[in-house]
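Below: the structure, in structure tokens.
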Amino acid sequence: MSHTAHIPSHRKPRRSASKLALRAGVAGGVLGTIAVAGAAGPASAEPVTETIEMPTLGSLDTAGLASAVAASAEASQQEALDQSLESQENAALQKAAKEAKKAKAEADRKAEAERAEKARAEAEAKAKAEQERKDAEERASRDRARTQLSTTSTSDNSSSGSGSSDSGSSSSSDSGSSTSSSSNETQAPSGSAAAIVAFARAQVGDAYVRGGTGPNSWDCSGLVQAAYAAAGIDLPRISYDQSSMGTSVSLSNLQPGDILYWGSRSGSYHVAIYVGGGKYVGAQNSSTGVVEHSLDWDTPSGAVRIL
């Protein structure tokens with residue numbers, strides 16, 4: 001063999017610096033522990049006669065790494081758990097905040113609705129009270145008008161009674177007795193009755209319009225109200241109010257200017273004006289308009305006298 005031939009080395013491979021440092025640290029720690037234990041032992045302890053075998057690096061590395069890995073895994077798990085709990089807490093807080101905001105908005109909406117309902121109820125109550133006040137004033141006005149008309153009617157009837165008494169006396173001396181109704185039928189209306197009849201007949205041919213009050217279209221109560229207004233007498237606007245005024249008279253004892261009604265006196269649905277001679281003028285319907293007809297064309301239910 002040549003002296004230069006390569007002789008394989010029987011030396012162990014050189015360990016890395018990090019492993020050597022780790023082994024030195026472990027060995028130093030073990031030796032330090034033994035020294036401390038020896039120093040703490042009794043003074044009379046027997047001398048050590050056995051050699052302690054040092055643990056191998058492989059076993060120390062496996063145990064330490066396993067412990068470190070376990071500790072790291074536990075720490076990571078704890079961190080993940082903490083983050084999960086924090087996330088859940090944040091989500092719960094956000095949900096609670098949303099629910100609180102929603103509850104507040106609902107409470108505000110209910111409060112606003114209650115305020116609006118209260119305002120509406122107060123407005124309705126105020127409007128109702130105002131309407132009742134107006135109705136009371138209107139009833140009082142109608143009562144005063146009825147009282148005044150009744151007084152006027154009574155004085156007029158007294159005067160006409162005296163006149164008919166005189167004419168009856170002269171009539172009886174000439175041609176015997178005659179009824180007051182026939183006398184009224186033959187006499188032309190005068191005074192307020194003449195104004196009412198003249199106005200009503202002047203509107204014959206005008207159109208009928210529901211709610212019409214003139215001057216060229218009328219409904220039944222609008223025509224009656226306007227005819228009486230021509231004589232300076234105020235009447236209510238509605239037919240059943242008009243037929244409730246004055247005094248009731250029979251159809252056999254009518255006088256010009258009397259108000260004829262169809263239906264019941266307190267619930268009439270149509271009114272017209274008696275113009276004498278067994279005829280009346282009224283705003284009948286949209287087909288005929290304002291017409292003059294005889295009583296038997298559409299016989300009324302009754303009549304009232306206001307004059």
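Each chain in the structure tokens gets a letter, A, B, ..., in the order shown, and its residues are numbered from 1; ligands are numbered from 1 in order too.
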
A:Ser217: which residues within 8 Å, counting only C-alpha atoms, same-chain residues fewer than 3 positions away excluded, as an NGL selection string?
:A and (206-209 or 212-214)

Okay, now the selection with N, CA and C atoms, as a PDB file, in the first residue's frame?
ATOM      1  N   ASP A 206    -137.056  75.624 -15.373  1.00  0.00           N
ATOM      2  CA  ASP A 206    -135.645  75.501 -14.989  1.00  0.00           C
ATOM      3  C   ASP A 206    -135.273  74.037 -14.788  1.00  0.00           C
ATOM      4  N   ALA A 207    -133.971  73.774 -14.792  1.00  0.00           N
ATOM      5  CA  ALA A 207    -133.471  72.395 -14.648  1.00  0.00           C
ATOM      6  C   ALA A 207    -133.514  71.949 -13.191  1.00  0.00           C
ATOM      7  N   TYR A 208    -133.611  70.631 -13.029  1.00  0.00           N
ATOM      8  CA  TYR A 208    -133.501  70.035 -11.690  1.00  0.00           C
ATOM      9  C   TYR A 208    -132.070  69.529 -11.522  1.00  0.00           C
ATOM     10  N   VAL A 209    -131.401  69.960 -10.443  1.00  0.00           N
ATOM     11  CA  VAL A 209    -130.056  69.505 -10.106  1.00  0.00           C
ATOM     12  C   VAL A 209    -130.026  69.226  -8.609  1.00  0.00           C
ATOM     13  N   GLY A 212    -129.203  71.856  -6.014  1.00  0.00           N
ATOM     14  CA  GLY A 212    -129.269  73.143  -6.684  1.00  0.00           C
ATOM     15  C   GLY A 212    -130.055  74.178  -5.897  1.00  0.00           C
ATOM     16  N   THR A 213    -129.520  75.391  -5.862  1.00  0.00           N
ATOM     17  CA  THR A 213    -130.188  76.496  -5.162  1.00  0.00           C
ATOM     18  C   THR A 213    -130.332  77.715  -6.063  1.00  0.00           C
ATOM     19  N   GLY A 214    -130.374  77.509  -7.389  1.00  0.00           N
ATOM     20  CA  GLY A 214    -130.580  78.601  -8.327  1.00  0.00           C
ATOM     21  C   GLY A 214    -129.278  79.160  -8.863  1.00  0.00           C
TER      22      GLY A 214
END

Please provide the set of residues having any atom within 10 Å of stretch 226-243 of chain A, restricted to only C-alpha atoms, with same-chain residues fewer than 6 positions apart removed, written as a PyMOL selection string.
chain A and resi 138+142+145-146+149+191-203+211+213-215+218-220+257+259-273+302-307

All alpha helix (DSSP H) residues (DSSP, backbone) inside stretch 190-228 of chain A, as a PDB file with N, CA, C and O atoms, in the first residue's frame:
ATOM      1  N   GLY A 191    -149.902  89.622  -0.591  1.00  0.00           N
ATOM      2  CA  GLY A 191    -148.833  89.768   0.392  1.00  0.00           C
ATOM      3  C   GLY A 191    -147.699  88.778   0.170  1.00  0.00           C
ATOM      4  O   GLY A 191    -147.232  88.540  -0.946  1.00  0.00           O
ATOM      5  N   SER A 192    -147.255  88.158   1.272  1.00  0.00           N
ATOM      6  CA  SER A 192    -146.143  87.208   1.208  1.00  0.00           C
ATOM      7  C   SER A 192    -146.475  86.007   0.335  1.00  0.00           C
ATOM      8  O   SER A 192    -145.625  85.518  -0.429  1.00  0.00           O
ATOM      9  N   ALA A 193    -147.718  85.520   0.438  1.00  0.00           N
ATOM     10  CA  ALA A 193    -148.112  84.372  -0.375  1.00  0.00           C
ATOM     11  C   ALA A 193    -147.990  84.691  -1.855  1.00  0.00           C
ATOM     12  O   ALA A 193    -147.546  83.858  -2.663  1.00  0.00           O
ATOM     13  N   ALA A 194    -148.390  85.919  -2.267  1.00  0.00           N
ATOM     14  CA  ALA A 194    -148.295  86.307  -3.670  1.00  0.00           C
ATOM     15  C   ALA A 194    -146.844  86.327  -4.131  1.00  0.00           C
ATOM     16  O   ALA A 194    -146.521  85.889  -5.248  1.00  0.00           O
ATOM     17  N   ALA A 195    -145.922  86.808  -3.277  1.00  0.00           N
ATOM     18  CA  ALA A 195    -144.499  86.844  -3.635  1.00  0.00           C
ATOM     19  C   ALA A 195    -143.939  85.434  -3.791  1.00  0.00           C
ATOM     20  O   ALA A 195    -143.159  85.151  -4.711  1.00  0.00           O
ATOM     21  N   ILE A 196    -144.350  84.529  -2.874  1.00  0.00           N
ATOM     22  CA  ILE A 196    -143.865  83.139  -2.931  1.00  0.00           C
ATOM     23  C   ILE A 196    -144.360  82.450  -4.208  1.00  0.00           C
ATOM     24  O   ILE A 196    -143.593  81.799  -4.928  1.00  0.00           O
ATOM     25  N   VAL A 197    -145.648  82.596  -4.490  1.00  0.00           N
ATOM     26  CA  VAL A 197    -146.237  81.943  -5.666  1.00  0.00           C
ATOM     27  C   VAL A 197    -145.628  82.509  -6.943  1.00  0.00           C
ATOM     28  O   VAL A 197    -145.298  81.757  -7.884  1.00  0.00           O
ATOM     29  N   ALA A 198    -145.461  83.842  -6.993  1.00  0.00           N
ATOM     30  CA  ALA A 198    -144.903  84.464  -8.191  1.00  0.00           C
ATOM     31  C   ALA A 198    -143.481  83.972  -8.455  1.00  0.00           C
ATOM     32  O   ALA A 198    -143.104  83.678  -9.601  1.00  0.00           O
ATOM     33  N   PHE A 199    -142.692  83.869  -7.402  1.00  0.00           N
ATOM     34  CA  PHE A 199    -141.314  83.405  -7.575  1.00  0.00           C
ATOM     35  C   PHE A 199    -141.298  81.953  -8.052  1.00  0.00           C
ATOM     36  O   PHE A 199    -140.545  81.609  -8.977  1.00  0.00           O
ATOM     37  N   ALA A 200    -142.111  81.093  -7.430  1.00  0.00           N
ATOM     38  CA  ALA A 200    -142.122  79.678  -7.803  1.00  0.00           C
ATOM     39  C   ALA A 200    -142.533  79.506  -9.266  1.00  0.00           C
ATOM     40  O   ALA A 200    -141.902  78.752 -10.020  1.00  0.00           O
ATOM     41  N   ARG A 201    -143.586  80.208  -9.694  1.00  0.00           N
ATOM     42  CA  ARG A 201    -144.043  80.068 -11.082  1.00  0.00           C
ATOM     43  C   ARG A 201    -143.032  80.626 -12.083  1.00  0.00           C
ATOM     44  O   ARG A 201    -142.945  80.149 -13.216  1.00  0.00           O
ATOM     45  N   ALA A 202    -142.227  81.589 -11.637  1.00  0.00           N
ATOM     46  CA  ALA A 202    -141.224  82.162 -12.533  1.00  0.00           C
ATOM     47  C   ALA A 202    -140.094  81.176 -12.821  1.00  0.00           C
ATOM     48  O   ALA A 202    -139.365  81.347 -13.811  1.00  0.00           O
ATOM     49  N   CYS A 220    -135.783  70.254  -4.933  1.00  0.00           N
ATOM     50  CA  CYS A 220    -137.105  70.610  -4.394  1.00  0.00           C
ATOM     51  C   CYS A 220    -137.016  71.575  -3.221  1.00  0.00           C
ATOM     52  O   CYS A 220    -137.706  72.603  -3.186  1.00  0.00           O
ATOM     53  N   SER A 221    -136.133  71.269  -2.235  1.00  0.00           N
ATOM     54  CA  SER A 221    -136.047  72.136  -1.058  1.00  0.00           C
ATOM     55  C   SER A 221    -135.337  73.446  -1.369  1.00  0.00           C
ATOM     56  O   SER A 221    -135.616  74.478  -0.737  1.00  0.00           O
ATOM     57  N   GLY A 222    -134.415  73.425  -2.361  1.00  0.00           N
ATOM     58  CA  GLY A 222    -133.756  74.668  -2.743  1.00  0.00           C
ATOM     59  C   GLY A 222    -134.748  75.664  -3.340  1.00  0.00           C
ATOM     60  O   GLY A 222    -134.673  76.872  -3.068  1.00  0.00           O
ATOM     61  N   LEU A 223    -135.710  75.164  -4.150  1.00  0.00           N
ATOM     62  CA  LEU A 223    -136.725  76.044  -4.741  1.00  0.00           C
ATOM     63  C   LEU A 223    -137.652  76.610  -3.663  1.00  0.00           C
ATOM     64  O   LEU A 223    -137.967  77.809  -3.664  1.00  0.00           O
ATOM     65  N   VAL A 224    -138.086  75.770  -2.726  1.00  0.00           N
ATOM     66  CA  VAL A 224    -138.976  76.236  -1.653  1.00  0.00           C
ATOM     67  C   VAL A 224    -138.263  77.274  -0.798  1.00  0.00           C
ATOM     68  O   VAL A 224    -138.835  78.317  -0.441  1.00  0.00           O
ATOM     69  N   GLN A 225    -137.002  77.022  -0.460  1.00  0.00           N
ATOM     70  CA  GLN A 225    -136.257  77.970   0.369  1.00  0.00           C
ATOM     71  C   GLN A 225    -136.111  79.317  -0.339  1.00  0.00           C
ATOM     72  O   GLN A 225    -136.304  80.373   0.275  1.00  0.00           O
ATOM     73  N   ALA A 226    -135.801  79.281  -1.638  1.00  0.00           N
ATOM     74  CA  ALA A 226    -135.624  80.532  -2.381  1.00  0.00           C
ATOM     75  C   ALA A 226    -136.943  81.276  -2.533  1.00  0.00           C
ATOM     76  O   ALA A 226    -136.985  82.519  -2.473  1.00  0.00           O
ATOM     77  N   ALA A 227    -138.063  80.551  -2.736  1.00  0.00           N
ATOM     78  CA  ALA A 227    -139.364  81.196  -2.878  1.00  0.00           C
ATOM     79  C   ALA A 227    -139.750  81.924  -1.593  1.00  0.00           C
ATOM     80  O   ALA A 227    -140.255  83.065  -1.637  1.00  0.00           O
ATOM     81  N   TYR A 228    -139.516  81.305  -0.459  1.00  0.00           N
ATOM     82  CA  TYR A 228    -139.834  81.964   0.812  1.00  0.00           C
ATOM     83  C   TYR A 228    -138.873  83.114   1.067  1.00  0.00           C
ATOM     84  O   TYR A 228    -139.259  84.131   1.679  1.00  0.00           O
TER      85      TYR A 228
END

For A:Gly276, which residue among A:Gly289, A:Gly205, A:Gly246, A:Pro256 is the nearest when counting only C-alpha atoms?
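Using only C-alpha atoms, the shortest distance to A:Gly276 belongs to A:Pro256.
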